[in-house]
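Engineer: Hey, dropping structure_34.cif in here, mmCIF, C-alpha atoms:
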```
data_query
loop_
_atom_site.label_atom_id
_atom_site.label_comp_id
_atom_site.auth_asym_id
_atom_site.auth_seq_id
_atom_site.Cartn_x
_atom_site.Cartn_y
_atom_site.Cartn_z
CA MET A 1 -30.18 -0.33 6.87
CA LEU A 2 -29.00 3.08 7.96
CA ASP A 3 -31.92 5.34 8.84
CA SER A 4 -30.02 8.44 9.94
CA LEU A 5 -26.55 9.90 10.37
CA VAL A 6 -25.52 13.03 12.24
CA LEU A 7 -21.93 14.28 11.93
CA HIS A 8 -20.14 16.74 14.20
CA ASP A 9 -16.66 17.99 13.27
CA PHE A 10 -16.00 15.11 10.89
CA ARG A 11 -13.69 16.07 8.01
CA CYS A 12 -15.17 19.18 6.33
CA PHE A 13 -18.50 19.05 8.20
CA PRO A 14 -19.00 21.21 11.32
CA ARG A 15 -22.44 19.60 11.51
CA ALA A 16 -24.57 17.74 8.99
CA GLU A 17 -27.46 15.27 8.83
CA PHE A 18 -28.26 12.55 6.32
CA HIS A 19 -31.39 10.41 6.20
CA PRO A 20 -30.88 7.93 3.35
CA ALA A 21 -33.75 6.08 1.76
CA PRO A 22 -33.96 2.27 2.16
CA GLY A 23 -33.17 1.54 -1.50
CA LEU A 24 -30.99 3.46 -3.96
CA ASN A 25 -29.55 6.84 -2.98
CA LEU A 26 -27.64 9.01 -5.48
CA LEU A 27 -25.46 11.77 -4.05
CA SER A 28 -24.23 14.09 -6.82
CA ALA A 29 -22.14 17.15 -6.07
CA PRO A 30 -18.91 18.82 -7.26
CA ASN A 31 -15.49 17.66 -6.14
CA ALA A 32 -14.34 18.74 -2.66
CA SER A 33 -17.92 19.15 -1.42
CA GLY A 34 -17.75 16.27 1.09
CA LYS A 35 -19.23 13.29 -0.77
CA SER A 36 -16.38 10.92 0.09
CA SER A 37 -16.31 12.17 3.68
CA LEU A 38 -20.00 11.38 4.08
CA LEU A 39 -19.52 7.76 2.96
CA GLU A 40 -16.41 7.52 5.12
CA ALA A 41 -18.44 8.67 8.12
CA ILE A 42 -21.02 5.93 7.49
CA CYS A 43 -18.27 3.31 7.36
CA VAL A 44 -16.69 4.62 10.57
CA LEU A 45 -20.06 4.69 12.34
CA LEU A 46 -20.95 1.12 11.34
CA ARG A 47 -17.53 -0.59 11.36
CA LEU A 48 -15.24 1.76 13.38
CA GLN A 49 -12.80 1.74 10.45
CA SER A 50 -12.00 4.41 7.92
CA PRO A 51 -11.49 3.27 4.31
CA ARG A 52 -9.47 6.43 3.68
CA ALA A 53 -7.26 6.80 6.75
CA GLY A 54 -5.10 4.62 8.95
CA ALA A 55 -6.16 6.40 12.15
CA LEU A 56 -9.41 8.04 13.25
CA ALA A 57 -7.49 11.18 14.25
CA GLU A 58 -7.12 12.00 10.55
CA ALA A 59 -10.90 12.43 10.22
CA VAL A 60 -11.21 15.19 12.85
CA ARG A 61 -12.14 18.56 11.35
CA ARG A 62 -9.22 20.96 11.42
CA GLY A 63 -9.18 22.95 14.63
CA ALA A 64 -11.72 20.72 16.43
CA PRO A 65 -10.81 18.58 19.46
CA GLY A 66 -12.60 15.51 18.07
CA PHE A 67 -15.59 14.25 16.11
CA SER A 68 -18.94 12.64 16.88
CA LEU A 69 -21.03 10.35 14.71
CA LEU A 70 -24.60 9.48 15.71
CA GLY A 71 -26.84 7.16 13.77
CA ARG A 72 -29.76 4.79 13.78
CA CYS A 73 -29.35 1.41 12.13
CA GLY A 74 -32.47 -0.75 12.15
CA ASP A 75 -33.88 -0.34 15.64
CA ARG A 76 -30.54 0.42 17.32
CA ASN A 77 -28.88 3.75 18.11
CA LEU A 78 -25.14 4.00 17.51
CA ALA A 79 -22.76 6.72 18.74
CA CYS A 80 -19.04 6.95 18.05
CA HIS A 81 -17.02 9.78 19.61
CA TYR A 82 -13.32 10.34 19.09
CA SER A 83 -10.89 12.86 20.55
CA SER A 84 -7.13 12.89 21.00
CA ALA A 85 -7.61 13.36 24.75
CA GLU A 86 -10.04 10.47 25.37
CA GLY A 87 -9.62 8.24 22.34
CA ARG A 88 -12.62 6.37 20.97
CA GLN A 89 -15.83 6.15 22.98
CA LEU A 90 -18.85 4.09 21.92
CA LYS A 91 -22.51 3.98 22.89
CA LEU A 92 -25.13 1.45 21.86
CA ASP A 93 -28.71 2.55 22.60
CA ASP A 94 -27.21 5.29 24.82
CA VAL A 95 -25.33 2.70 26.92
CA PRO A 96 -21.52 3.20 27.03
CA GLN A 97 -19.62 0.23 25.58
CA GLY A 98 -16.29 -0.84 27.06
CA LYS A 99 -15.77 -3.28 24.20
CA SER A 100 -16.79 -3.03 20.55
CA ASP A 101 -18.25 -6.55 20.11
CA ALA A 102 -21.93 -5.75 20.63
CA TYR A 103 -21.61 -2.45 18.77
CA LEU A 104 -20.09 -4.09 15.70
CA GLY A 105 -22.86 -6.67 15.67
CA VAL A 106 -25.38 -4.04 14.53
CA GLY A 107 -24.31 -2.65 11.15
CA LEU A 108 -22.64 -4.13 8.06
CA ALA A 109 -20.93 -2.21 5.26
CA ALA A 110 -19.31 -2.76 1.86
CA PHE A 111 -17.19 0.13 0.60
CA PHE A 112 -16.26 0.67 -3.07
CA CYS A 113 -13.95 3.41 -4.34
CA ASN A 114 -11.70 4.25 -7.31
CA GLU A 115 -8.61 3.32 -5.32
CA ASP A 116 -9.87 -0.28 -5.18
CA ILE A 117 -7.81 -0.96 -8.30
CA GLU A 118 -4.89 -1.17 -5.85
CA LEU A 119 -6.46 -4.41 -4.58
CA VAL A 120 -5.27 -5.91 -7.87
CA ARG A 121 -2.05 -4.07 -8.69
CA GLY A 122 -1.02 -2.70 -5.29
CA THR A 123 0.95 -4.16 -2.39
CA SER A 124 -0.10 -7.22 -0.40
CA SER A 125 -1.10 -5.01 2.54
CA LYS A 126 -4.11 -3.77 0.52
CA ARG A 127 -5.37 -7.31 0.01
CA ARG A 128 -4.77 -8.27 3.65
CA ARG A 129 -6.78 -5.24 4.75
CA PHE A 130 -9.55 -6.31 2.35
CA LEU A 131 -9.65 -9.74 4.04
CA ASP A 132 -9.54 -8.22 7.53
CA PHE A 133 -12.50 -5.94 6.75
CA LEU A 134 -14.39 -8.97 5.48
CA GLY A 135 -13.35 -11.28 8.31
CA SER A 136 -14.34 -8.81 11.00
CA GLN A 137 -17.92 -8.83 9.65
CA CYS A 138 -18.20 -12.56 8.95
CA ASP A 139 -16.37 -14.29 11.81
CA PRO A 140 -17.10 -13.44 15.47
CA GLY A 141 -13.60 -14.49 16.53
CA TYR A 142 -11.68 -12.80 13.74
CA LEU A 143 -11.17 -9.32 15.17
CA LYS A 144 -10.16 -10.66 18.58
CA ASN A 145 -7.48 -12.87 17.04
CA LEU A 146 -6.31 -10.13 14.67
CA ARG A 147 -5.74 -7.76 17.60
CA ALA A 148 -4.00 -10.51 19.60
CA TYR A 149 -1.70 -11.26 16.66
CA GLU A 150 -0.86 -7.58 16.16
CA ARG A 151 0.00 -7.17 19.85
CA ALA A 152 2.27 -10.23 19.87
CA LEU A 153 3.89 -9.14 16.59
CA ARG A 154 4.65 -5.64 17.87
CA SER A 155 6.21 -6.99 21.05
CA ARG A 156 8.18 -9.61 19.20
CA ASN A 157 9.55 -7.12 16.66
CA PHE A 158 10.54 -4.74 19.44
CA LEU A 159 12.58 -7.47 21.10
CA LEU A 160 14.17 -8.52 17.80
CA LYS A 161 15.34 -4.95 17.28
CA GLU A 162 16.85 -5.00 20.77
CA GLY A 163 19.17 -7.84 19.76
CA PRO A 164 19.83 -11.55 20.43
CA HIS A 165 20.20 -11.09 24.19
CA ARG A 166 16.38 -10.86 24.44
CA GLY A 167 15.88 -14.44 23.19
CA ARG A 168 14.14 -15.78 26.30
CA GLU A 169 11.64 -12.92 26.32
CA LEU A 170 11.15 -13.37 22.57
CA ALA A 171 10.13 -16.98 23.03
CA ALA A 172 7.35 -15.90 25.41
CA TYR A 173 5.51 -14.26 22.52
CA ASP A 174 5.78 -17.24 20.18
CA GLY A 175 2.75 -18.96 21.73
CA PRO A 176 0.32 -16.01 21.35
CA LEU A 177 1.69 -15.26 17.88
CA LEU A 178 1.24 -18.85 16.71
CA SER A 179 -2.19 -19.29 18.27
CA ALA A 180 -3.68 -16.12 16.79
CA GLY A 181 -1.76 -16.57 13.54
CA GLU A 182 -3.09 -20.09 12.97
CA TYR A 183 -6.63 -18.81 13.51
CA LEU A 184 -6.15 -15.97 11.02
CA GLY A 185 -4.52 -18.21 8.42
CA SER A 186 -7.33 -20.75 8.58
CA ALA A 187 -10.05 -18.09 8.59
CA ARG A 188 -8.55 -16.23 5.63
CA THR A 189 -8.08 -19.45 3.67
CA LYS A 190 -11.75 -20.31 4.17
CA LEU A 191 -12.84 -16.80 3.23
CA CYS A 192 -10.87 -17.01 -0.01
CA GLU A 193 -12.35 -20.41 -0.82
CA GLU A 194 -15.85 -18.97 -0.42
CA LEU A 195 -14.95 -15.80 -2.33
CA ARG A 196 -13.51 -17.66 -5.34
CA PRO A 197 -16.77 -18.67 -7.13
CA LEU A 198 -18.44 -15.35 -6.28
CA PHE A 199 -15.44 -13.43 -7.61
CA ALA A 200 -15.46 -15.40 -10.87
CA ARG A 201 -19.20 -14.92 -11.34
CA TYR A 202 -19.09 -11.15 -10.79
CA ALA A 203 -16.00 -10.71 -12.98
CA ALA A 204 -17.84 -12.43 -15.82
CA ALA A 205 -20.99 -10.37 -15.21
CA ILE A 206 -19.16 -7.03 -15.25
CA SER A 207 -16.82 -7.74 -18.17
CA ALA A 208 -19.17 -9.97 -20.22
CA LYS A 209 -16.05 -11.85 -21.35
CA ASP A 210 -15.16 -15.52 -21.11
CA GLU A 211 -12.03 -15.13 -19.00
CA ALA A 212 -10.89 -17.56 -16.33
CA VAL A 213 -10.25 -15.59 -13.14
CA SER A 214 -9.16 -17.02 -9.82
CA LEU A 215 -7.96 -16.04 -6.38
CA ARG A 216 -5.98 -18.00 -3.82
CA TYR A 217 -4.71 -17.30 -0.32
CA GLU A 218 -0.94 -17.65 -0.09
CA ARG A 219 0.75 -18.13 3.27
CA SER A 220 4.21 -16.59 3.50
CA GLY A 221 5.72 -19.57 5.30
CA GLY A 222 3.58 -22.35 3.90
CA HIS A 223 0.81 -24.18 5.74
CA ASP A 224 2.91 -25.13 8.79
CA PHE A 225 3.26 -21.81 10.63
CA PRO A 226 5.10 -23.21 13.71
CA ALA A 227 7.70 -24.92 11.50
CA ALA A 228 8.10 -21.84 9.31
CA LEU A 229 8.56 -19.59 12.34
CA ALA A 230 11.20 -21.88 13.81
CA ALA A 231 13.02 -22.17 10.47
CA SER A 232 13.13 -18.38 10.06
CA ALA A 233 15.05 -17.74 13.31
CA GLU A 234 18.35 -16.95 11.60
CA GLU A 235 16.75 -14.57 9.09
CA GLU A 236 14.83 -12.91 11.92
CA ARG A 237 18.06 -12.20 13.78
CA ARG A 238 19.61 -10.79 10.62
CA LEU A 239 16.67 -8.58 9.66
CA ARG A 240 15.52 -7.95 13.25
CA GLN A 241 11.86 -8.52 12.48
CA THR A 242 9.34 -11.37 12.20
CA VAL A 243 9.54 -12.53 8.58
CA VAL A 244 6.73 -15.11 8.29
CA GLY A 245 3.10 -15.10 9.38
CA PRO A 246 -0.26 -13.59 8.45
CA HIS A 247 1.27 -10.09 8.30
CA ARG A 248 3.27 -11.26 5.25
CA ASP A 249 0.58 -13.37 3.57
CA ASP A 250 -1.06 -12.39 0.28
CA VAL A 251 -3.96 -13.12 -2.08
CA SER A 252 -2.99 -14.27 -5.57
CA LEU A 253 -5.24 -12.95 -8.37
CA GLU A 254 -5.00 -14.41 -11.89
CA VAL A 255 -6.64 -13.93 -15.29
CA ASP A 256 -6.34 -16.85 -17.70
CA GLY A 257 -3.54 -18.27 -15.57
CA ALA A 258 -1.43 -15.08 -15.52
CA ALA A 259 -0.86 -12.70 -12.61
CA ALA A 260 -3.47 -9.94 -12.82
CA ALA A 261 -1.11 -7.31 -11.39
CA SER A 262 1.39 -7.81 -14.23
CA PHE A 263 -0.57 -8.97 -17.25
CA ALA A 264 -4.13 -7.64 -16.95
CA SER A 265 -5.05 -4.36 -18.65
CA GLU A 266 -6.24 -1.44 -16.56
CA GLY A 267 -9.81 -2.16 -17.64
CA GLN A 268 -9.46 -5.76 -16.55
CA GLN A 269 -7.89 -4.71 -13.25
CA ARG A 270 -10.72 -2.31 -12.53
CA THR A 271 -13.28 -5.01 -13.36
CA LEU A 272 -11.52 -7.45 -11.02
CA SER A 273 -11.44 -4.91 -8.18
CA ILE A 274 -15.19 -4.31 -8.51
CA ALA A 275 -15.80 -8.06 -8.65
CA LEU A 276 -13.80 -8.47 -5.44
CA ARG A 277 -15.96 -5.89 -3.66
CA LEU A 278 -19.20 -7.39 -4.93
CA ALA A 279 -18.05 -10.85 -3.84
CA GLN A 280 -17.07 -9.46 -0.45
CA ALA A 281 -20.52 -7.93 0.03
CA GLU A 282 -22.31 -11.13 -1.02
CA LEU A 283 -20.22 -13.23 1.33
CA ILE A 284 -21.05 -10.87 4.21
CA ARG A 285 -24.72 -11.33 3.35
CA SER A 286 -24.35 -15.13 3.18
CA ARG A 287 -22.56 -15.34 6.52
CA ARG A 288 -24.69 -12.79 8.39
CA GLY A 289 -28.12 -13.32 6.83
CA SER A 290 -28.66 -9.71 5.72
CA PRO A 291 -27.01 -7.47 3.14
CA PRO A 292 -24.52 -4.77 4.09
CA VAL A 293 -25.02 -1.12 3.23
CA TYR A 294 -23.39 -0.65 -0.19
CA LEU A 295 -21.25 2.50 -0.24
CA LEU A 296 -19.93 3.33 -3.73
CA ASP A 297 -17.70 6.39 -3.83
CA ASP A 298 -17.49 7.81 -7.35
CA VAL A 299 -16.58 4.49 -8.98
CA PHE A 300 -18.66 5.07 -12.11
CA GLY A 301 -16.55 7.82 -13.66
CA GLU A 302 -13.82 5.33 -14.63
CA LEU A 303 -16.24 2.83 -16.22
CA ASP A 304 -17.59 2.77 -19.74
CA THR A 305 -21.35 2.85 -20.27
CA GLU A 306 -21.73 -0.92 -20.55
CA ARG A 307 -19.68 -1.74 -17.43
CA ARG A 308 -21.56 0.96 -15.51
CA ARG A 309 -24.87 -0.61 -16.51
CA ARG A 310 -23.72 -4.09 -15.51
CA LEU A 311 -22.47 -2.85 -12.13
CA LEU A 312 -25.81 -1.17 -11.42
CA GLN A 313 -27.57 -4.43 -12.32
CA ALA A 314 -25.25 -6.42 -10.04
CA LEU A 315 -26.18 -4.37 -6.97
CA PRO A 316 -28.96 -6.20 -5.08
CA GLY A 317 -32.28 -4.40 -5.19
CA ASP A 318 -33.17 -5.29 -1.59
CA ALA A 319 -30.01 -3.70 -0.17
CA GLN A 320 -29.49 -0.07 0.76
CA ARG A 321 -27.19 1.52 -1.84
CA ILE A 322 -25.55 4.94 -1.53
CA LEU A 323 -23.69 6.11 -4.65
CA THR A 324 -21.71 9.31 -5.11
CA THR A 325 -20.86 10.99 -8.41
CA THR A 326 -19.76 14.37 -9.75
CA THR A 327 -21.90 14.19 -12.88
CA TRP A 328 -25.63 14.02 -13.49
CA GLN A 329 -25.35 12.76 -17.06
CA TRP A 330 -25.94 9.09 -16.38
CA LEU A 331 -28.36 9.31 -13.44
CA GLU A 332 -31.32 8.21 -15.56
CA GLU A 333 -29.56 4.84 -15.98
CA ALA A 334 -29.92 4.19 -12.26
CA GLY A 335 -33.72 4.16 -12.29
CA ASP A 336 -35.80 5.19 -9.28
CA ALA A 337 -33.59 6.68 -6.58
CA ALA A 338 -33.51 9.25 -3.81
CA ASP A 339 -31.56 12.17 -5.29
CA TRP A 340 -29.23 14.05 -2.93
CA THR A 341 -26.69 16.83 -3.15
CA ILE A 342 -24.43 18.81 -0.79
CA ARG A 343 -24.78 22.58 -0.58
CA ASP A 344 -22.77 24.73 1.81
CA GLY A 345 -21.96 21.72 4.00
CA ARG A 346 -25.59 20.52 4.17
CA VAL A 347 -26.88 17.25 2.70
CA GLU A 348 -30.15 18.01 0.90
CA MET A 349 -32.67 16.38 -1.40
CA ARG A 350 -32.23 17.67 -4.92
#
```
Using structure tokens, write down the structure from this file.

Structural biologist:
Amino acid sequence: MLDSLVLHDFRCFPRAEFHPAPGLNLLSAPNASGKSSLLEAICVLLRLQSPRAGALAEAVRRGAPGFSLLGRCGDRNLACHYSSAEGRQLKLDDVPQGKSDAYLGVGLAAFFCNEDIELVRGTSSKRRRFLDFLGSQCDPGYLKNLRAYERALRSRNFLLKEGPHRGRELAAYDGPLLSAGEYLGSARTKLCEELRPLFARYAAAISAKDEAVSLRYERSGGHDFPAALAASAEEERRLRQTVVGPHRDDVSLEVDGAAAASFASEGQQRTLSIALRLAQAELIRSRRGSPPVYLLDDVFGELDTERRRRLLQALPGDAQRILTTTTWQWLEEAGDAADWTIRDGRVEMR
């Protein structure tokens, strides 16, 4: 659990502190007050990833050279500093960390937001990022292989753009690409197999309907990546990019045998996206032996009263839960909770 968070020059906060309670925390404040930024900061501190931005530079407060996030998670002290001049710098218990492995072994997070509906109806990149966020918390070798694959892919695509005369150099990256790609494909397939029953159970719990939902990992080139890569050589030369591999894979989501992106209603799609996040969090708990911090960013405003009640019931009572909202009208439904607000850039008990 997160015991404390101190922000410096992160998004709209010159400086702020937050000391969440172990159980349920409700953060209610008007729009543009910093609620989403606070949850984003927690996710960056614990997982070194922003759910809202592609690069950490986007989270630096305007006019500041960089940001700092300090926190205590369990009995460990975490510090993440970022600046354009020095990049990302990490400390674990005040000891500088050259690599992120030990740092990332401390805190776990599950992030929910309104934009999660894009997991169902958006592009495949959203679903791959969902799996990568899950894999990095469940599998000690996942992040290493993901970074290795991305490096090989970048180099390979650069050479493909240069033209066919770089063929010998291109072949040198096939080995690293295939090795890391096979690992990712197998790991993602296993994650989806474990997610499937959890996803179905949570979808039924949130919707209270007897609908058959399913998910399946789909490899862009089939299950034989080396053969698919070799067979795609001509298309690669034509398009000048790598056309098969984990960077093109997807997760198929269906309701009663039909594609959820095309045939599910918006209410169904929103239910499925919440079920995906709940399944993700439970799988993290199963793999790691402790629950993640549940970060829910204003997801209740788009839900009817019954779905909101079922979602609150689905959140595990022994996990730390931090929920943001703009309205106070339904707070009594949440039960006992630490009640927070943001005033003039300060996080305060209400």

Engineer: Taking only C-alpha atoms into account, name the residue in A:Leu215, A:Leu119, A:Val60, A:Ala228 that is nearest to A:Pro246.

Structural biologist: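 Checking each candidate against A:Pro246, we get A:Ala228 as the closest.
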
Engineer: Can you turn the PyMOL selection byres ((chain A and resi 200) around 9) into a concrete residue list for this file, as number ranges by chain?

Structural biologist: A: 195-199, 201-205, 211-215, 272, 275-276, 279

Engineer: Under the PyMOL selection byres ((chain A and resi 16) around 8), which residues of this model are included? Write them out as a tab-separated table (two decimals) with C-alpha atoms, in the frame of the given file.

Structural biologist:
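Resulting contents of selection23.tsv:
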```tsv
chain	number	residue	atom	x	y	z
A	6	VAL	CA	-25.52	13.03	12.24
A	7	LEU	CA	-21.93	14.28	11.93
A	8	HIS	CA	-20.14	16.74	14.20
A	13	PHE	CA	-18.50	19.05	8.20
A	14	PRO	CA	-19.00	21.21	11.32
A	15	ARG	CA	-22.44	19.60	11.51
A	17	GLU	CA	-27.46	15.27	8.83
A	18	PHE	CA	-28.26	12.55	6.32
A	345	GLY	CA	-21.96	21.72	4.00
A	346	ARG	CA	-25.59	20.52	4.17
A	347	VAL	CA	-26.88	17.25	2.70
```

Engineer: Evaluated on this file, the PyMOL selection byres ((chain A and resi 97-105) around 9) picks out some residues - which ones are they, written as a count of residues only?

Structural biologist: 16

Engineer: When you look at stretch 121-134 of chain A with a cut-off of 7 Å (counting all atoms listed in the file), what residues show up, excluding the ones that are within fewer than 4 positions of it in the same chain? I need them as a ChimeraX atom specification.

Structural biologist: /A:117,138,188,250-251,261,280

Engineer: Would you work out the distance separating atom CA of A:Arg11 from atom CA of A:Ala319, expressed in Å to one decimal?

Structural biologist: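 Calculated distance between atom CA of A:Arg11 and atom CA of A:Ala319 is 26.9 Å.
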
Engineer: A:Leu39, A:Asn77, A:His19, A:Leu283: which is nearest A:Arg52, counting all atoms listed in the file?

Structural biologist: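 Selected residue with least distance to A:Arg52: A:Leu39.
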
Engineer: Any chance you could work out the axis-aligned box around stretch 96-110 of chain A, listed atoms only, 6 Å on each side, giving centre and edge lengths in Å to one decimal, as AutoDock Vina command-line options?

Structural biologist:
```
--center_x -20.6 --center_y -1.7 --center_z 14.5 --size_x 21.6 --size_y 21.9 --size_z 37.2
```
